[in-house]
Structure formats: C-alpha cells, structure tokens
Protein chains: 2
Amino acid sequence: MSQPDYVYFEDMVPGRVLRSASLPPLTREAILAFAREYDPQPQHLGEESAAESNLGVFCASGWHTGSLTMRLIAETTPIKGGGMGAGLEVRWPRPVVPGDALRVEIEVLEARVSKSRPDKGVVTFRTTTFNQRDEPVQHCTHTALFPRRG
Amino acid sequence: MSQPDYVYFEDMVPGRVLRSASLPPLTREAILAFAREYDPQPQHLGEESAAESNLGVFCASGWHTGSLTMRLIAETTPIKGGGMGAGLEVRWPRPVVPGDALRVEIEVLEARVSKSRPDKGVVTFRTTTFNQRDEPVQHCTHTALFPRRG
C-alpha cells in the first residue's frame with residue numbers, strides 16, 4: 001500500500017470542496033447484514049417486511065449510510081494519526097437502496113487554530129453523500145480536530 | 001420470539017425516561033471488524049497504531065457506538081412498522097474501549113401530532129449511551145415519526 005496523501009489543518013481552507021471516489025454498488029446482502037446487527041427494523045430487513053413498513057421501501061439503515069460515508073471521508077481526507085471527531089449533525093433526505101453507489105463531497109466551512117491545543121486546528125465541514133443519480137442521501141455537518149502541518 | 005411490546009406516539013410523553021438492558025461487553029475483535037470496514041483510522045485499528053495516534057487510545061469508531069445505540073433504541077422502543085428517523089445530532093464525550101458494556105437511556109423531550117401526516121406523531125428524544133461505569137460515551141438528540149395508537 002502506498003503512503004496516504006495526508007491532509008492537514010492548513011489544507012482545510014473554507015470554501016474548498018474535496019470529492020471522493022464512488023464505492024461499489026451496495027448489495028442487498030450488505031444492507032441486511034448491517035440491519036440484523038445494528039438496526040433490526042422492518043424497512044431494513046428485506047423487501048417483504050419493508051413493503052408493510054411505515055416507510056414502505058427496503059433501504060439501508062441511516063447508520064449504515066453514515067458508516068459508509070465515514071469510510072469515504074477517511075479515504076478522501078486521511079489524517080496523520082487519525083481524525084478526532086467531536087460531534088456531528090446528520091439528516092437522511094432519501095433512502096439508500098440496493099445497488100446504490102455512494103460517493104461524498106466534503107466542503108470546508110470553518111477552520112481555526114485550537115485555543116487549548118495550538119498544535120491542532122478545529123475544522124467544521126459539511127459532507128453530502130450522493131447516490132449514482134447524484135441525489136443526496138445524507139447531509140452531515142462535522143467538527144473535528146486536524147493536526148497542523150510541520 | 002414473542003411479539004414485541006410496541007411503543008406508540010402516545011407512549012412518548014415528554015419527561016418519560018426509558019432504559020435499555022446492557023449489551024454484552026464489546027470485544028476487541030468487534031471493534032477491529034467495524035473499523036476495518038467503516039472507519040480505518042489508527043485509533044480504531046489496534047493497540048499499537050492507537051498508541052501512536054492523535055487520540056492515543058484504542059477505541060471503537062463513533063459510528064460503531066452510534067450503531068450499537070441504534071440497536072438498543074430499536075429493542076427498547078420497538079415501533080410497529082419501524083421508526084422513521086429524520087435526523088439527529090450526536091457527540092462522543094468519551095471513548096468506548098474493549099470490554100465496555102453499553103446501555104442507553106432514552107428521554108422524551110417533545111411530542112406533537114404531525115401536521116402533514118395526522119396518523120403519525122413527531123417525537124424528539126435524547127439518548128445517552130453509558131458504559132458499565134455509568135459514564136456517558138454518547139449524547140444524541142433524535143427526531144423521528146411514531147405511529148399513533150389505534
């Protein structure tokens with residue numbers, strides 16, 4: 001494996017947009033496996049139970065979408081020593097269904113040097129996760145600590 | 001499996017607190033498996049890489065903690081036809097480490113009948129996920145649609 005191209009606080013300039021590659025299409029089996037372990041609700045457990053559910057559509061757990069987005073973020077903005085996420089706010093405007101190939105756009109909103117840890121920067125960024133029809137399936141605003149370059 | 005004891009909009013009375021059972025202690029292997037698939041950052045990939053990471057502690061991905069909390073919520077407040085989560089806000093005040101046995105407390109904050117879907121109610125609730133030392137490891141505020149009874 002080649003050395004990742006690390007991203008530092010100084011790279012996270014407000015207004016900058018970083019784009020991930022697309023994940024392979026999400027399989028029915030992957031949706032089921034995640035749901036059985038973490039979100040056993042009828043809309044996530046198969047076409048039949050989903051058809052009778054309140055949502056009416058067989059789709060991935062929002063936590064599955066969020067976790068896949070985390071992977072895309074970690075691959076698109078790899079941080080030396082790892083990111084330190086403080087918290088986030090997330091919305092799921094549209095279900096993720098089998099066959100969807102997800103990708104993410106990361107937009108830097110704010111960046112400032114940490115007062116308590118001057119070797120780090122506090123970055124607020126918005127991620128939008130899209131399906132292969134370029135429809136947003138998740139909106140998220142994150143705050144995380146990034147190491148400073150040098 | 002017995003029929004779950006479904007929770008309806010009318011059960012979600014502001015001020016009410018519902019408590020889950022505890023999950024079994026989270027294993028090192030489960031933390032690693034989740035991280036390899038969804039959050040491959042050094043603090044989640046083993047004791048050695050974590051020791052050199054920015055956080056310095058081998059711990060579960062926040063998305064793992066959130067997904068385990070989702071399971072506890074689904075088991076503690078099962079919704080006939082499934083819950084419809086609109087969005088949430090989450091913070092992770094403390095790392096989840098191998099051996100931690102998580103449980104959740106669910107506090108109802110607000111509940112109102114939906115204007116656009118009068119057969120449903122919109123409920124805002126706060127969940128606090130605790131470890132076995134009763135230390136909070138996740139704070140989350142959720143908004144979701146619940147079916148009305150009857």
# chains A, B, ... in the order shown; residues from 1 in each chain; ligands from 1
call {"tool": "interface_residues", "arguments": {"of": "chain A", "to": "chain B", "cutoff": "9 Å", "atoms": "only C-alpha atoms", "output": "ChimeraX atom specification"}}
result
/A:35,37-44,49-50,52-56,62-64,66-75,78-93,147
call {"tool": "residues_around", "arguments": {"residues": "Val17 of chain A", "least_positions_apart": "3", "cutoff": "10 Å", "atoms": "only C-alpha atoms", "output": "ChimeraX atom specification"}}
result
/A:12-14,105-109,125-127
call {"tool": "residues_around", "arguments": {"residues": "Gln132 of chain A", "least_positions_apart": "5", "cutoff": "10 Å", "atoms": "only C-alpha atoms", "output": "PyMOL selection string"}}
result
chain A and resi 22-23+25+99-103
call {"tool": "select_by_dssp", "arguments": {"residues": "segment 7-145 of chain B", "states": "helix (DSSP H, G or I)", "output": "ChimeraX atom specification"}}
result
/B:9-11,28-38,42-44,47-51,62-76
call {"tool": "closest_residue", "arguments": {"among": "A:Thr76, A:Asn131, A:Ser114, A:Thr65", "to": "Tyr6 of chain A", "atoms": "only C-alpha atoms"}}
result
A:Thr76
call {"tool": "closest_residue", "arguments": {"among": "A:Thr124, A:Ala33, A:Glu135, A:Ser20", "to": "Arg112 of chain A", "atoms": "only C-alpha atoms"}}
result
A:Thr124
call {"tool": "residues_around", "arguments": {"residues": "Gly150 of chain A", "least_positions_apart": "4", "cutoff": "12 Å", "atoms": "only C-alpha atoms", "output": "VMD selection string"}}
result
chain A and resid 7 to 10 80 119 to 120
